[in-house]
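Participant: One structure follows; several queries about it will come next.
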Amino acid sequence: MAGIGRRAREASLATAKASTQQKNAALNALADTLLAREGALLEANAQDMAAGRESGLDAALLDRLELTPARIAAMAEGVRQIAGLPDPVGAIRDLARRPSGIQLGRMRVPLGVVGIIYESRPNVTADAAALCLKSGNASVLRGGREALQSNQAIAACIGEALSAAGLPEAAVQVLDFTEREAVRLMVTLPEYIDVVVPRGGKGLVAAVSEGARVPVIKHLDGICHVYLHDAAPAQMAVDIAVNAKTQRFGTCNTMETLLIARSRLEELLPPVAQGMRAKGVELRGCAACREVDAQMQPASEEDWATEYLAPVLSIRAVDDFEAALAHIRQYSSGHTEAIVTADHATAMRFLREVDSSSVMVNASTRFADGFEYGLGAEIGISTDKFHARGPVGLEGLTSEKYIVFGEGQIRE
């Protein structure tokens, strides 16, 4: 790990000064290579999927692990989008003259070396490599054991693209071993690693955070809520609720708890329940919900605090706006919450008073994503408040330094 760290630190000197054209050339080459090697990627992924089924991985993890031609195409498109984004490195803002005559501003600069620890999703390998490279950083990527073959196949594409653009292959290093000791060492090498981003379950994030000697950008669980307010347009409410839960089950921006205004419960719950069950979702609800829908299982206190990542949904009737906010404050993980309402004043209160990294009005929580936000991709969705919050894209992988232009001024 020390050798990997040293090579990453050396490579970061090259990535930090690389031109926008050079970085974009590497990214476009990576997108081309991913598409050209689709067969090899699918073959490697098939090995991981077979091993995952044999080891008993659940459906949500298998869904995250699987590569398909469409997902490979989306991965390549995400890399191209990053290439098309403005380069943040070297951008200067707030340049102003001070009374002394100096000009003071801020310049955006790379963080240096970014360590990323993640599980299941092999597409994270390409996304993370591309984001780190475009933002001028070197990266050390440690994927999960279950995606080892897929990640190594993607790593080969990355290495080829870096070489084609004249950048050191050590600018992106994907570990070919998955021992937990590697994680422990990565987060204790501040001389080589500038920041670590763990992507995974609570256990992984806690283990990384507790032992870290470098800053950590935490990607915690997504206990996301949708609140169908008293003034929610009926069809919009049903469509958003069903989409937020069923568009994809195993993602952190999937709704896990639905809150319905008690005044609209008898109107909205039946079509919502019908839409959910048509997609195979098990429903668990409070007593008021079960009076309206007798098929529903009772929800426990644990349900309100659970990220299912599966076709299971908890539903609760709330008396009013304050009750909805109280529930969200108690159980939310700070990831994403949405309200469906036609009342502008209520919508604005929701935006102001809900303290999550993304807060939405009349839209599915599934939009809380770097690709959908125009970031090209993201290395995670930070539920921290420092240094980055929400989808962590290019800007979240950079910092700022003060710069000064003078004309010979000296301080009296």
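So you can find residues: chains in the structure tokens are A, B, ... in the order shown, residues in each start at 1, and ligands are numbered from 1 in order.
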Mind running segment 126-238 of chain A against segment 389-398 of chain A at 8 Å and telling me each contacting residue's nearest atom pair with the distance in Å (one decimal), counting only C-alpha atoms, chain and number ascending, as a tab-separated table?

Facilitator:
```
residue	atom	partner	partner_atom	distance
A:Leu131	CA	A:Leu394	CA	6.0
A:Cys132	CA	A:Leu397	CA	6.9
A:Lys134	CA	A:Leu394	CA	7.2
A:Ser135	CA	A:Leu394	CA	5.5
A:Asn137	CA	A:Leu397	CA	7.9
```

Participant: Include N, CA, C and O atoms and write out the residues we just selected as a PDB file, in the first residue's frame.

Facilitator:
```pdb
ATOM      1  N   LEU A 131     -13.829  11.144 -12.791  1.00  0.00           N
ATOM      2  CA  LEU A 131     -14.008  12.363 -12.003  1.00  0.00           C
ATOM      3  C   LEU A 131     -12.699  12.811 -11.367  1.00  0.00           C
ATOM      4  O   LEU A 131     -12.375  14.005 -11.363  1.00  0.00           O
ATOM      5  N   CYS A 132     -11.959  11.868 -10.824  1.00  0.00           N
ATOM      6  CA  CYS A 132     -10.684  12.228 -10.197  1.00  0.00           C
ATOM      7  C   CYS A 132      -9.714  12.786 -11.232  1.00  0.00           C
ATOM      8  O   CYS A 132      -9.021  13.777 -10.985  1.00  0.00           O
ATOM      9  N   LYS A 134     -10.411  14.252 -14.225  1.00  0.00           N
ATOM     10  CA  LYS A 134     -10.821  15.563 -14.748  1.00  0.00           C
ATOM     11  C   LYS A 134     -10.570  16.670 -13.725  1.00  0.00           C
ATOM     12  O   LYS A 134     -10.267  17.811 -14.084  1.00  0.00           O
ATOM     13  N   SER A 135     -10.681  16.326 -12.450  1.00  0.00           N
ATOM     14  CA  SER A 135     -10.436  17.320 -11.401  1.00  0.00           C
ATOM     15  C   SER A 135      -8.963  17.419 -11.017  1.00  0.00           C
ATOM     16  O   SER A 135      -8.614  18.064 -10.028  1.00  0.00           O
ATOM     17  N   ASN A 137      -6.798  15.050 -10.021  1.00  0.00           N
ATOM     18  CA  ASN A 137      -6.331  14.203  -8.928  1.00  0.00           C
ATOM     19  C   ASN A 137      -5.834  12.855  -9.440  1.00  0.00           C
ATOM     20  O   ASN A 137      -6.309  12.343 -10.461  1.00  0.00           O
TER      21      ASN A 137
END
```

Participant: Using only C-alpha atoms, which protein or nucleic acid residues come within 9 Å of Ala128 of chain A? Drop anything in the same chain fewer than 5 positions from it, and give the result as an MDAnalysis selection string.

Facilitator: chainID A and resid 116 123 133 139 141 377:380

Participant: Write to file, as a PDB file, in the first residue's frame, the residues of the selection just made, with all heavy atoms.

Facilitator:
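So the final result, stored in out.pdb, reads:
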```pdb
ATOM      1  N   ILE A 116     -10.673   5.821  -2.839  1.00  0.00           N
ATOM      2  CA  ILE A 116     -12.104   5.511  -2.877  1.00  0.00           C
ATOM      3  C   ILE A 116     -12.296   4.027  -2.581  1.00  0.00           C
ATOM      4  O   ILE A 116     -11.679   3.165  -3.214  1.00  0.00           O
ATOM      5  CB  ILE A 116     -12.722   5.888  -4.237  1.00  0.00           C
ATOM      6  CG1 ILE A 116     -12.455   7.362  -4.533  1.00  0.00           C
ATOM      7  CG2 ILE A 116     -14.223   5.609  -4.243  1.00  0.00           C
ATOM      8  CD1 ILE A 116     -12.938   7.821  -5.883  1.00  0.00           C
ATOM      9  N   ASN A 123     -19.429  -0.016 -12.087  1.00  0.00           N
ATOM     10  CA  ASN A 123     -19.443   1.267 -12.804  1.00  0.00           C
ATOM     11  C   ASN A 123     -18.778   2.379 -11.997  1.00  0.00           C
ATOM     12  O   ASN A 123     -18.318   3.379 -12.564  1.00  0.00           O
ATOM     13  CB  ASN A 123     -20.877   1.676 -13.164  1.00  0.00           C
ATOM     14  CG  ASN A 123     -21.716   2.009 -11.947  1.00  0.00           C
ATOM     15  OD1 ASN A 123     -22.052   1.133 -11.172  1.00  0.00           O
ATOM     16  ND2 ASN A 123     -22.036   3.278 -11.777  1.00  0.00           N
ATOM     17  N   LEU A 133      -9.661  12.157 -12.409  1.00  0.00           N
ATOM     18  CA  LEU A 133      -8.739  12.624 -13.438  1.00  0.00           C
ATOM     19  C   LEU A 133      -9.126  14.018 -13.932  1.00  0.00           C
ATOM     20  O   LEU A 133      -8.267  14.911 -14.035  1.00  0.00           O
ATOM     21  CB  LEU A 133      -8.726  11.639 -14.606  1.00  0.00           C
ATOM     22  CG  LEU A 133      -7.800  12.012 -15.768  1.00  0.00           C
ATOM     23  CD1 LEU A 133      -6.353  12.092 -15.302  1.00  0.00           C
ATOM     24  CD2 LEU A 133      -7.936  11.005 -16.901  1.00  0.00           C
ATOM     25  N   SER A 139      -5.824   8.799  -8.212  1.00  0.00           N
ATOM     26  CA  SER A 139      -6.776   8.051  -7.396  1.00  0.00           C
ATOM     27  C   SER A 139      -6.286   6.634  -7.142  1.00  0.00           C
ATOM     28  O   SER A 139      -5.581   6.037  -7.960  1.00  0.00           O
ATOM     29  CB  SER A 139      -8.159   8.013  -8.063  1.00  0.00           C
ATOM     30  OG  SER A 139      -8.084   7.493  -9.370  1.00  0.00           O
ATOM     31  N   LEU A 141      -8.223   3.163  -6.086  1.00  0.00           N
ATOM     32  CA  LEU A 141      -9.574   2.622  -6.014  1.00  0.00           C
ATOM     33  C   LEU A 141      -9.537   1.197  -5.471  1.00  0.00           C
ATOM     34  O   LEU A 141      -8.832   0.336  -6.000  1.00  0.00           O
ATOM     35  CB  LEU A 141     -10.224   2.630  -7.394  1.00  0.00           C
ATOM     36  CG  LEU A 141     -10.134   3.949  -8.189  1.00  0.00           C
ATOM     37  CD1 LEU A 141     -10.841   3.811  -9.529  1.00  0.00           C
ATOM     38  CD2 LEU A 141     -10.710   5.104  -7.393  1.00  0.00           C
ATOM     39  N   ALA A 377     -21.223  12.329 -13.443  1.00  0.00           N
ATOM     40  CA  ALA A 377     -21.252  11.164 -12.556  1.00  0.00           C
ATOM     41  C   ALA A 377     -20.917  11.683 -11.176  1.00  0.00           C
ATOM     42  O   ALA A 377     -20.720  12.887 -10.986  1.00  0.00           O
ATOM     43  CB  ALA A 377     -20.259  10.096 -13.007  1.00  0.00           C
ATOM     44  N   GLU A 378     -20.867  10.796 -10.202  1.00  0.00           N
ATOM     45  CA  GLU A 378     -20.410  11.220  -8.891  1.00  0.00           C
ATOM     46  C   GLU A 378     -19.711  10.067  -8.212  1.00  0.00           C
ATOM     47  O   GLU A 378     -19.959   8.909  -8.557  1.00  0.00           O
ATOM     48  CB  GLU A 378     -21.564  11.763  -8.042  1.00  0.00           C
ATOM     49  CG  GLU A 378     -22.173  10.777  -7.078  1.00  0.00           C
ATOM     50  CD  GLU A 378     -23.384  10.047  -7.644  1.00  0.00           C
ATOM     51  OE1 GLU A 378     -24.146  10.623  -8.401  1.00  0.00           O
ATOM     52  OE2 GLU A 378     -23.556   8.864  -7.284  1.00  0.00           O
ATOM     53  N   ILE A 379     -18.814  10.394  -7.288  1.00  0.00           N
ATOM     54  CA  ILE A 379     -18.133   9.322  -6.569  1.00  0.00           C
ATOM     55  C   ILE A 379     -18.906   8.928  -5.320  1.00  0.00           C
ATOM     56  O   ILE A 379     -18.511   8.020  -4.602  1.00  0.00           O
ATOM     57  CB  ILE A 379     -16.699   9.710  -6.183  1.00  0.00           C
ATOM     58  CG1 ILE A 379     -16.691  10.941  -5.284  1.00  0.00           C
ATOM     59  CG2 ILE A 379     -15.843   9.909  -7.400  1.00  0.00           C
ATOM     60  CD1 ILE A 379     -15.372  11.164  -4.602  1.00  0.00           C
ATOM     61  N   GLY A 380     -19.987   9.584  -5.068  1.00  0.00           N
ATOM     62  CA  GLY A 380     -20.818   9.288  -3.907  1.00  0.00           C
ATOM     63  C   GLY A 380     -21.716  10.466  -3.621  1.00  0.00           C
ATOM     64  O   GLY A 380     -21.576  11.536  -4.211  1.00  0.00           O
TER      65      GLY A 380
END
```

Participant: So that I can see what lies close to segment 59-62 of chain A, please list as number ranges by chain the residues with an atom at most 9 Å from it, counting only C-alpha atoms and leaving out residues fewer than 5 positions away in the same chain.

Facilitator: A: 49, 52-53, 119-121, 249-251, 309-310

Participant: Could you take the residues named above and write them with N, CA, C and O atoms, as a compact mmCIF listing (two decimals), in the first residue's frame?

Facilitator:
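Written out: result28.txt:
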```txt
# COMPACT_ATOMS: atom_id res chain seq x y z
N MET A 49 -20.77 -12.41 -11.28
CA MET A 49 -22.17 -12.71 -11.00
C MET A 49 -22.34 -14.17 -10.58
O MET A 49 -23.07 -14.48 -9.63
N GLY A 52 -21.04 -14.51 -7.15
CA GLY A 52 -21.95 -13.86 -6.22
C GLY A 52 -23.16 -14.72 -5.90
O GLY A 52 -23.58 -14.82 -4.74
N ARG A 53 -23.73 -15.34 -6.93
CA ARG A 53 -24.88 -16.22 -6.69
C ARG A 53 -24.48 -17.41 -5.83
O ARG A 53 -25.21 -17.83 -4.93
N GLU A 119 -18.19 -0.85 -2.83
CA GLU A 119 -18.67 -2.22 -2.90
C GLU A 119 -19.57 -2.39 -4.12
O GLU A 119 -20.22 -1.45 -4.56
N SER A 120 -19.62 -3.58 -4.62
CA SER A 120 -20.62 -4.05 -5.58
C SER A 120 -20.57 -3.42 -6.97
O SER A 120 -20.35 -4.13 -7.95
N ARG A 121 -20.78 -2.12 -7.08
CA ARG A 121 -21.00 -1.53 -8.40
C ARG A 121 -19.70 -1.33 -9.18
O ARG A 121 -18.91 -0.43 -8.87
N PHE A 249 -34.61 -0.65 -7.21
CA PHE A 249 -34.71 -0.91 -5.77
C PHE A 249 -33.40 -0.73 -5.01
O PHE A 249 -33.41 -0.31 -3.86
N GLY A 250 -32.28 -1.07 -5.64
CA GLY A 250 -31.03 -1.18 -4.88
C GLY A 250 -30.16 0.04 -4.87
O GLY A 250 -28.93 -0.08 -4.80
N THR A 251 -30.75 1.24 -4.93
CA THR A 251 -29.93 2.46 -4.97
C THR A 251 -30.21 3.32 -3.74
O THR A 251 -31.28 3.26 -3.13
N LEU A 309 -33.19 -1.22 0.40
CA LEU A 309 -32.51 -1.56 -0.86
C LEU A 309 -33.14 -2.81 -1.47
O LEU A 309 -32.46 -3.66 -2.04
N ALA A 310 -34.45 -2.90 -1.35
CA ALA A 310 -35.19 -4.09 -1.76
C ALA A 310 -36.65 -3.69 -1.99
O ALA A 310 -37.07 -2.59 -1.61
```

Participant: Pick out the residues sitting within 12 Å of Arg290 of chain A, and hand them over as a list of chain:residue names; count only C-alpha atoms, and ignore anything fewer than 4 positions along from it in its own chain.

Facilitator: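 Non-adjacent residues within range: A:Leu265, A:Glu266, A:Leu269, A:Pro270, A:Ala273, A:Leu283, A:Arg284, A:Gly285, A:Cys286, A:Ala294, A:Gln295, A:Met296, A:Gln297, A:Pro298, A:Ala299, A:Ser314, A:Ile315, A:Arg316, A:Ala317.
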
Participant: Between A:Leu259, A:Ile117, A:Ala2, A:Val318, which has the minimum distance to Gly200 of chain A (counting only C-alpha atoms)?

Facilitator: A:Ile117

Participant: Which of segment 130-246 of chain A end up as helix (DSSP H, G or I) when DSSP is run on this backbone - answer as JSON, numbers by chain?

Facilitator: {"A": [130, 131, 132, 133, 134, 145, 146, 147, 148, 149, 150, 151, 152, 153, 154, 155, 156, 157, 158, 159, 160, 161, 162, 163, 164, 169, 170, 171, 180, 181, 182, 183, 184, 185, 186, 202, 203, 204, 205, 206, 207, 208, 209, 210, 211, 234, 235, 236, 237, 238, 239, 240, 241, 242, 243, 244, 245, 246]}

Participant: Can you tell me, as a VMD selection string, which residues in segment 43-289 of chain A count as strand (DSSP E) by DSSP?

Facilitator: chain A and resid 92 to 97 103 to 110 113 to 118 138 to 142 172 to 174 195 to 199 224 to 228 255 to 261 282 to 285

Participant: Taking C-alpha atoms for each residue, export the selection above as a CSV table (one decimal), in the first residue's frame.

Facilitator:
```
chain,number,residue,atom,x,y,z
A,92,ILE,CA,-10.2,32.0,-10.5
A,93,ARG,CA,-13.1,33.7,-8.8
A,94,ASP,CA,-13.8,36.7,-6.6
A,95,LEU,CA,-10.8,38.6,-7.9
A,96,ALA,CA,-10.9,42.0,-6.3
A,97,ARG,CA,-8.5,44.9,-5.4
A,103,GLN,CA,-5.6,41.9,-6.1
A,104,LEU,CA,-7.0,39.0,-4.1
A,105,GLY,CA,-8.9,36.0,-5.5
A,106,ARG,CA,-9.4,32.3,-5.1
A,107,MET,CA,-8.1,29.5,-7.5
A,108,ARG,CA,-9.6,26.0,-7.6
A,109,VAL,CA,-7.0,23.3,-7.3
A,110,PRO,CA,-7.0,19.5,-7.0
A,113,VAL,CA,-4.6,11.8,-4.2
A,114,VAL,CA,-8.1,10.5,-3.6
A,115,GLY,CA,-8.7,7.0,-2.1
A,116,ILE,CA,-12.1,5.5,-2.9
A,117,ILE,CA,-13.4,2.4,-1.1
A,118,TYR,CA,-16.6,0.9,-2.6
A,138,ALA,CA,-4.6,10.8,-8.8
A,139,SER,CA,-6.8,8.1,-7.4
A,140,VAL,CA,-6.4,4.7,-5.6
A,141,LEU,CA,-9.6,2.6,-6.0
A,142,ARG,CA,-10.4,-0.4,-3.9
A,172,VAL,CA,-5.5,5.6,-11.5
A,173,GLN,CA,-4.6,2.5,-9.5
A,174,VAL,CA,-7.3,-0.1,-9.1
A,195,VAL,CA,-8.9,12.2,1.3
A,196,VAL,CA,-10.8,9.0,1.4
A,197,VAL,CA,-14.4,8.4,0.1
A,198,PRO,CA,-16.0,5.2,1.4
A,199,ARG,CA,-19.1,4.0,-0.6
A,224,CYS,CA,-35.2,8.7,1.7
A,225,HIS,CA,-38.8,10.0,2.1
A,226,VAL,CA,-41.6,11.2,-0.1
A,227,TYR,CA,-44.3,13.2,1.5
A,228,LEU,CA,-47.7,13.4,-0.2
A,255,MET,CA,-37.6,6.0,-1.4
A,256,GLU,CA,-37.8,3.8,1.7
A,257,THR,CA,-40.7,5.5,3.5
A,258,LEU,CA,-43.8,7.1,2.1
A,259,LEU,CA,-45.6,9.7,4.2
A,260,ILE,CA,-49.2,10.5,3.3
A,261,ALA,CA,-51.4,13.3,4.6
A,282,GLU,CA,-44.1,-5.6,0.0
A,283,LEU,CA,-46.0,-2.9,1.9
A,284,ARG,CA,-45.6,-2.2,5.7
A,285,GLY,CA,-47.8,0.4,7.3
```

Participant: Considering only C-alpha atoms, can you say which of A:Leu375, A:Ala31, A:Lys245, A:Gln330 comes closest to Val312 of chain A?

Facilitator: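 That would be A:Lys245, the residue with the smallest distance to Val312 of chain A.
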
Participant: With distances taken over only C-alpha atoms, which residue among A:Ala29, A:Cys252, A:Leu268, A:Leu65 lies nearest Asp48 of chain A?

Facilitator: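 Closest residue, counting only C-alpha atoms: A:Leu65.
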
Participant: Which residues are close to segment 75-80 of chain A, i.e. within 12 Å by only C-alpha atoms, leaving aside same-chain residues fewer than 2 positions away? Reply as a PyMOL selection string.

Facilitator: chain A and resi 23-38+41+67-73+82-85+121-134+154+157-158+161+369-379+393

Participant: Report the distance between atom CA of Leu351 of chain A and atom CA of Glu400 of chain A in Å, rounded to one decimal place.

Facilitator: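 Pair atom CA of Leu351 of chain A / atom CA of Glu400 of chain A returns 28.1 Å.
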
Participant: Residues within 12 Å of Val359 of chain A, please, as a ChimeraX atom specification. Count only C-alpha atoms; anything in the same chain fewer than 3 positions from it doesn't count.

Facilitator: /A:224-227,253,328,332,334-340,347-356,362-368,390
